[in-house]
>>> print(open('run.pdb').read())   # PDB, C-alpha atoms
ATOM      1  CA  MET J 176      76.486  90.695 109.635
ATOM      2  CA  MET J 177      79.806  89.889 107.936
ATOM      3  CA  THR J 178      81.635  90.642 111.185
ATOM      4  CA  ARG J 179      79.548  88.013 112.998
ATOM      5  CA  VAL J 180      80.255  85.409 110.337
ATOM      6  CA  VAL J 181      83.984  86.076 110.511
ATOM      7  CA  PHE J 182      83.880  85.911 114.320
ATOM      8  CA  PHE J 183      82.022  82.582 114.357
ATOM      9  CA  VAL J 184      84.311  81.047 111.752
ATOM     10  CA  ALA J 185      87.382  82.162 113.719
ATOM     11  CA  PHE J 186      85.857  80.893 116.968
ATOM     12  CA  PHE J 187      85.020  77.533 115.362
ATOM     13  CA  LEU J 188      88.558  77.096 114.027
ATOM     14  CA  VAL J 189      90.134  77.901 117.395
ATOM     15  CA  ALA J 190      87.658  75.786 119.357
ATOM     16  CA  CYS J 191      88.195  72.774 117.098
ATOM     17  CA  THR J 192      91.968  72.884 117.221
ATOM     18  CA  LYS J 193      93.158  69.605 118.652
ATOM     19  CA  GLU J 194      96.033  69.557 121.070
ATOM     20  CA  SER J 195      98.883  67.137 120.604
ATOM     21  CA  ILE J 196     101.118  65.986 123.407
ATOM     22  CA  ARG J 197     104.591  64.527 123.531
ATOM     23  CA  TYR J 198     107.001  63.700 126.307
ATOM     24  CA  TYR J 199     110.744  64.186 126.356
ATOM     25  CA  GLU J 200     112.444  61.888 128.885
ATOM     26  CA  TYR J 201     116.070  61.775 129.907
ATOM     27  CA  LYS J 202     117.151  59.793 132.940
ATOM     28  CA  ASP J 203     114.527  60.693 135.564
ATOM     29  CA  VAL J 204     113.413  64.055 134.126
ATOM     30  CA  VAL J 205     110.280  64.437 131.983
ATOM     31  CA  VAL J 206     109.218  67.495 130.012
ATOM     32  CA  THR J 207     105.738  67.562 128.520
ATOM     33  CA  ARG J 208     105.104  69.477 125.327
ATOM     34  CA  VAL J 209     101.567  70.531 124.423
ATOM     35  CA  ASP J 210     100.957  71.854 120.904
ATOM     36  CA  SER J 211      97.771  73.765 120.187
ATOM     37  CA  ALA J 212      97.660  75.265 116.685
ATOM     38  CA  ASN J 213     100.657  77.606 116.504
ATOM     39  CA  TYR J 214     101.232  77.799 120.264
ATOM     40  CA  VAL J 215     103.562  75.347 122.039
ATOM     41  CA  MET J 216     103.836  74.965 125.809
ATOM     42  CA  PHE J 217     106.566  73.122 127.703
ATOM     43  CA  TYR J 218     105.884  71.843 131.236
ATOM     44  CA  TYR J 219     108.502  70.470 133.609
ATOM     45  CA  GLU J 220     106.515  67.400 134.596
ATOM     46  CA  LYS J 221     104.419  64.656 133.083
ATOM     47  CA  TYR J 222     101.036  65.691 131.707
ATOM     48  CA  ASN J 223      98.095  63.812 133.209
ATOM     49  CA  LEU J 224      96.152  62.474 130.211
ATOM     50  CA  GLU J 225      93.343  61.122 132.376
ATOM     51  CA  GLY J 226      92.134  64.375 133.872
ATOM     52  CA  ASP J 227      92.281  68.104 133.648
ATOM     53  CA  ASP J 228      93.928  68.612 137.047
ATOM     54  CA  PHE J 229      97.130  69.460 135.216
ATOM     55  CA  ARG J 230      97.782  72.881 133.689
ATOM     56  CA  GLY J 231      98.767  76.058 135.326
ATOM     57  CA  LEU J 232     101.403  78.116 133.641
ATOM     58  CA  PRO J 233     103.909  76.358 131.419
ATOM     59  CA  ALA J 234     107.586  76.827 132.180
ATOM     60  CA  LEU J 235     108.183  77.999 128.613
ATOM     61  CA  SER J 236     105.977  78.841 125.664
ATOM     62  CA  VAL J 237     106.587  79.321 121.960
ATOM     63  CA  PHE J 238     104.398  81.151 119.485
ATOM     64  CA  TYR J 239     104.705  81.213 115.731
ATOM     65  CA  LYS J 240     102.416  82.708 113.121
ATOM     66  CA  GLY J 241     101.705  82.808 109.445
ATOM     67  CA  PHE J 242     101.855  80.154 106.785
ATOM     68  CA  ASP J 243     105.630  80.311 106.777
ATOM     69  CA  GLY J 244     106.077  80.463 110.556
ATOM     70  CA  GLY J 245     107.488  77.681 112.662
ATOM     71  CA  MET J 246     109.269  76.667 115.830
ATOM     72  CA  GLY J 247     112.653  75.076 116.335
ATOM     73  CA  GLY J 248     115.201  74.851 119.090
ATOM     74  CA  TYR J 249     117.300  72.638 121.298
ATOM     75  CA  MET J 250     116.358  71.290 124.719
ATOM     76  CA  ILE J 251     119.348  70.341 126.869
ATOM     77  CA  PHE J 252     118.849  68.160 129.936
ATOM     78  CA  LYS J 253     121.409  69.441 132.464
ATOM     79  CA  SER J 254     123.020  67.380 135.246
ATOM     80  CA  ASP J 255     121.249  69.519 137.896
ATOM     81  CA  LYS J 256     117.882  68.385 136.392
ATOM     82  CA  ARG J 257     117.158  71.773 134.870
ATOM     83  CA  ILE J 258     116.391  72.228 131.198
ATOM     84  CA  GLU J 259     118.160  74.733 128.975
ATOM     85  CA  MET J 260     116.345  75.795 125.801
ATOM     86  CA  ILE J 261     118.228  77.325 122.894
ATOM     87  CA  ARG J 262     116.050  79.051 120.338
ATOM     88  CA  ALA J 263     116.665  78.434 116.654
ATOM     89  CA  TYR J 264     113.504  80.139 115.402
ATOM     90  CA  GLY J 265     110.064  81.072 116.736
ATOM     91  CA  PHE J 266     109.050  83.439 119.555
ATOM     92  CA  PHE J 267     110.213  81.766 122.785
ATOM     93  CA  ASN J 268     108.987  83.101 126.125
ATOM     94  CA  SER J 269     110.420  81.910 129.442
ATOM     95  CA  ILE J 270     107.747  81.870 132.150
ATOM     96  CA  ASP J 271     109.342  79.850 134.972
ATOM     97  CA  SER J 272     113.114  79.871 134.588
ATOM     98  CA  THR J 273     113.749  77.814 137.728
ATOM     99  CA  LYS J 274     113.168  74.553 135.808
ATOM    100  CA  ILE J 275     113.354  75.446 132.111
ATOM    101  CA  PHE J 276     115.492  78.405 131.191
ATOM    102  CA  LEU J 277     116.024  80.097 127.865
ATOM    103  CA  LYS J 278     119.478  80.777 126.488
ATOM    104  CA  ASP J 279     120.078  83.019 123.507
ATOM    105  CA  TYR J 280     123.480  83.452 121.958
ATOM    106  CA  GLU J 281     124.396  87.101 121.549
ATOM    107  CA  GLU J 282     126.238  86.464 118.308
ATOM    108  CA  ASN J 283     125.163  84.108 115.543
ATOM    109  CA  TYR J 284     128.673  82.686 115.154
ATOM    110  CA  GLN J 285     128.478  81.417 118.775
ATOM    111  CA  TYR J 286     125.273  79.526 117.972
ATOM    112  CA  ILE J 287     126.810  78.070 114.794
ATOM    113  CA  ASP J 288     129.928  77.030 116.704
ATOM    114  CA  TRP J 289     127.843  75.319 119.399
ATOM    115  CA  THR J 290     125.702  73.389 116.878
ATOM    116  CA  SER J 291     128.880  72.314 115.050
ATOM    117  CA  ARG J 292     130.428  71.005 118.279
ATOM    118  CA  ILE J 293     127.418  68.817 119.169
ATOM    119  CA  LYS J 294     126.841  67.464 115.663
ATOM    120  CA  GLY J 295     126.594  63.678 115.813
ATOM    121  CA  LYS J 296     126.664  63.590 119.612
ATOM    122  CA  TYR J 297     123.478  65.096 121.005
ATOM    123  CA  ASP J 298     123.396  62.749 124.034
ATOM    124  CA  SER J 299     121.328  64.814 126.532
ATOM    125  CA  VAL J 300     120.243  67.254 123.794
ATOM    126  CA  VAL J 301     117.055  66.943 121.776
ATOM    127  CA  TYR J 302     116.008  69.099 118.834
ATOM    128  CA  VAL J 303     112.384  70.277 119.033
ATOM    129  CA  SER J 304     110.427  71.413 115.986
ATOM    130  CA  ASP J 305     106.900  71.991 114.778
ATOM    131  CA  VAL J 306     107.747  69.597 111.915
ATOM    132  CA  ASN J 307     107.761  66.041 113.311
ATOM    133  CA  SER J 308     109.834  64.553 110.479
ATOM    134  CA  VAL J 309     112.585  67.151 110.939
ATOM    135  CA  GLU J 310     112.635  66.651 114.705
ATOM    136  CA  THR J 311     112.808  62.853 114.379
ATOM    137  CA  ALA J 312     115.500  62.860 111.677
ATOM    138  CA  LEU J 313     117.806  65.365 113.405
ATOM    139  CA  ASN J 314     117.612  63.550 116.731
ATOM    140  CA  LYS J 315     118.210  60.135 115.170
ATOM    141  CA  ASN J 316     121.075  61.315 112.947
ATOM    142  CA  ASN J 317     122.781  63.073 115.872
ATOM    143  CA  ASN J 318     122.417  60.228 118.393
ATOM    144  CA  SER J 319     120.135  61.931 120.917
ATOM    145  CA  LYS J 320     119.664  59.845 124.053
ATOM    146  CA  VAL J 321     116.481  61.742 124.963
ATOM    147  CA  LYS J 322     113.425  59.529 124.582
ATOM    148  CA  VAL J 323     110.551  61.178 122.681
ATOM    149  CA  ILE J 324     107.105  59.683 123.289
ATOM    150  CA  ARG J 325     104.079  60.725 121.227
ATOM    151  CA  PRO J 326     100.987  59.161 122.819
ATOM    152  CA  SER J 327      97.852  59.015 120.718
ATOM    153  CA  ILE J 328      94.962  61.074 122.024
ATOM    154  CA  GLU J 329      91.439  60.242 121.037
TER     155      GLU J 329
END
>>> encode(input="run.pdb", output="structure tokens")
Amino acid sequence: MMTRVVFFVAFFLVACTKESIRYYEYKDVVVTRVDSANYVMFYYEKYNLEGDDFRGLPALSVFYKGFDGGMGGYMIFKSDKRIEMIRAYGFFNSIDSTKIFLKDYEENYQYIDWTSRIKGKYDSVVYVSDVNSVETALNKNNNSKVKVIRPSIE
């Protein structure tokens, strides 16, 4: 009996999780981000809010778990219209690397050097995070030219 109660509570929590959507736009490229609980999906196109004809596999997904888990990284809009993602923290998984590809620095000092070089001049770089206030502040303080749109979903 207890197993059934736990199952139904877990099912209810997952079923009632509301998705949030945001768009990242730079020049003529749009990346849609869909957050659902602790799972984040990035699509190389604009999400259709009016219907469910969108979906398929995301180009990149991120999973984080636990009360102290989270997601953070950098999305770089390249001149060839591809997107480079650099992981800061979270479990990033590249699914379709033709449009959005994942880059990991082999050594931490390389990552630190890169973040130091772009400080104050993000331009075509946008920081992505599971914490909206952190994402907004870092992008504003570092002069990101990537437009972030958070439509309201009802």
>>> closest_residue(input="run.pdb", among="J:Ser269, J:Lys294, J:Gly245, J:Pro326", to="Val309 in chain J", atoms="only C-alpha atoms")
J:Gly245
>>> atom_distance(input="run.pdb", atom1="CA of Glu310 in chain J", atom2="CA of Gly247 in chain J")
8.6 Å
>>> resolve_selection(input="run.pdb", expression="the PyMOL selection byres ((chain J and resi 312-323) around 9)", output="ChimeraX atom specification")
/J:197-202,252,293-303,307-311,324-325
>>> closest_residue(input="run.pdb", among="J:Tyr280, J:Trp289, J:Tyr218, J:Tyr264", to="Ser236 in chain J", atoms="only C-alpha atoms")
J:Tyr218
>>> resolve_selection(input="run.pdb", expression="the PyMOL selection byres ((chain J and resi 207) around 8)", output="ChimeraX atom specification")
/J:196-199,205-206,208-209,217-222
>>> write_last_selection(input="run.pdb", atoms="C-alpha atoms", output="tab-separated table (two decimals), in the coordinates of the input")
chain	number	residue	atom	x	y	z
J	196	ILE	CA	101.12	65.99	123.41
J	197	ARG	CA	104.59	64.53	123.53
J	198	TYR	CA	107.00	63.70	126.31
J	199	TYR	CA	110.74	64.19	126.36
J	205	VAL	CA	110.28	64.44	131.98
J	206	VAL	CA	109.22	67.50	130.01
J	208	ARG	CA	105.10	69.48	125.33
J	209	VAL	CA	101.57	70.53	124.42
J	217	PHE	CA	106.57	73.12	127.70
J	218	TYR	CA	105.88	71.84	131.24
J	219	TYR	CA	108.50	70.47	133.61
J	220	GLU	CA	106.52	67.40	134.60
J	221	LYS	CA	104.42	64.66	133.08
J	222	TYR	CA	101.04	65.69	131.71
>>> residues_around(input="run.pdb", residues="Asp279 in chain J", least_positions_apart="6", cutoff="10 Å", atoms="only C-alpha atoms", output="CSV table (one decimal) with C-alpha atoms, in the frame of the given file")
chain,number,residue,atom,x,y,z
J,260,MET,CA,116.3,75.8,125.8
J,261,ILE,CA,118.2,77.3,122.9
J,262,ARG,CA,116.0,79.1,120.3
J,263,ALA,CA,116.7,78.4,116.7
J,267,PHE,CA,110.2,81.8,122.8
J,285,GLN,CA,128.5,81.4,118.8
J,286,TYR,CA,125.3,79.5,118.0
>>> residues_around(input="run.pdb", residues="Asn213 in chain J", least_positions_apart="5", cutoff="12 Å", atoms="all atoms listed in the file", output="MDAnalysis selection string")
chainID J and resid 189 192:195 236:246 265:266 304:306
>>> closest_residue(input="run.pdb", among="J:Ile258, J:Val204, J:Met216, J:Ser291", to="Lys278 in chain J", atoms="only C-alpha atoms")
J:Ile258
>>> atom_distance(input="run.pdb", atom1="CA of Ser254 in chain J", atom2="CA of Asp288 in chain J")
22.0 Å
>>> atom_distance(input="run.pdb", atom1="CA of Pro233 in chain J", atom2="CA of Lys256 in chain J")
16.8 Å
>>> resolve_selection(input="run.pdb", expression="the PyMOL selection byres ((chain J and resi 272) around 10)", output="list in words")
Ala234, Leu235, Arg257, Ile258, Glu259, Asn268, Ser269, Ile270, Asp271, Thr273, Lys274, Ile275, Phe276 and Leu277 of chain J
>>> build_atoms(input="run.pdb", residues="range 246-268 of chain J", atoms="N, CA and C atoms", output="short mmCIF file (atom, residue, chain, number, x, y, z; two decimals), keeping the file's coordinate frame")
data_model
loop_
_atom_site.label_atom_id
_atom_site.label_comp_id
_atom_site.auth_asym_id
_atom_site.auth_seq_id
_atom_site.Cartn_x
_atom_site.Cartn_y
_atom_site.Cartn_z
N MET J 246 108.60 76.69 114.54
CA MET J 246 109.27 76.67 115.83
C MET J 246 110.38 75.64 115.77
N GLY J 247 111.55 76.01 116.25
CA GLY J 247 112.65 75.08 116.34
C GLY J 247 113.63 75.51 117.40
N GLY J 248 114.22 74.55 118.06
CA GLY J 248 115.20 74.85 119.09
C GLY J 248 115.78 73.59 119.69
N TYR J 249 116.63 73.75 120.64
CA TYR J 249 117.30 72.64 121.30
C TYR J 249 116.95 72.64 122.78
N MET J 250 116.62 71.46 123.30
CA MET J 250 116.36 71.29 124.72
C MET J 250 117.51 70.45 125.28
N ILE J 251 118.18 71.00 126.28
CA ILE J 251 119.35 70.34 126.87
C ILE J 251 119.01 69.95 128.30
N PHE J 252 119.09 68.67 128.59
CA PHE J 252 118.85 68.16 129.94
C PHE J 252 120.16 68.27 130.71
N LYS J 253 120.20 69.17 131.69
CA LYS J 253 121.41 69.44 132.46
C LYS J 253 121.55 68.45 133.63
N SER J 254 122.77 68.32 134.15
CA SER J 254 123.02 67.38 135.25
C SER J 254 122.31 67.78 136.54
N ASP J 255 121.97 69.07 136.70
CA ASP J 255 121.25 69.52 137.90
C ASP J 255 119.73 69.40 137.73
N LYS J 256 119.29 68.67 136.69
CA LYS J 256 117.88 68.39 136.39
C LYS J 256 117.11 69.59 135.87
N ARG J 257 117.81 70.64 135.52
CA ARG J 257 117.16 71.77 134.87
C ARG J 257 117.25 71.58 133.37
N ILE J 258 116.44 72.32 132.65
CA ILE J 258 116.39 72.23 131.20
C ILE J 258 116.80 73.57 130.62
N GLU J 259 117.75 73.52 129.69
CA GLU J 259 118.16 74.73 128.98
C GLU J 259 117.57 74.66 127.57
N MET J 260 116.91 75.72 127.15
CA MET J 260 116.34 75.80 125.80
C MET J 260 117.14 76.82 125.00
N ILE J 261 117.53 76.42 123.80
CA ILE J 261 118.23 77.32 122.89
C ILE J 261 117.34 77.51 121.68
N ARG J 262 116.96 78.73 121.44
CA ARG J 262 116.05 79.05 120.34
C ARG J 262 116.79 79.04 119.01
N ALA J 263 116.18 78.35 118.03
CA ALA J 263 116.66 78.43 116.65
C ALA J 263 115.77 79.41 115.89
N TYR J 264 114.46 79.21 116.00
CA TYR J 264 113.50 80.14 115.40
C TYR J 264 112.16 79.98 116.09
N GLY J 265 111.33 81.01 116.01
CA GLY J 265 110.06 81.07 116.74
C GLY J 265 110.19 82.10 117.85
N PHE J 266 109.07 82.45 118.46
CA PHE J 266 109.05 83.44 119.56
C PHE J 266 108.98 82.70 120.88
N PHE J 267 110.12 82.49 121.52
CA PHE J 267 110.21 81.77 122.78
C PHE J 267 110.01 82.73 123.95
N ASN J 268 109.27 82.28 124.96
CA ASN J 268 108.99 83.10 126.12
C ASN J 268 109.19 82.26 127.38
#
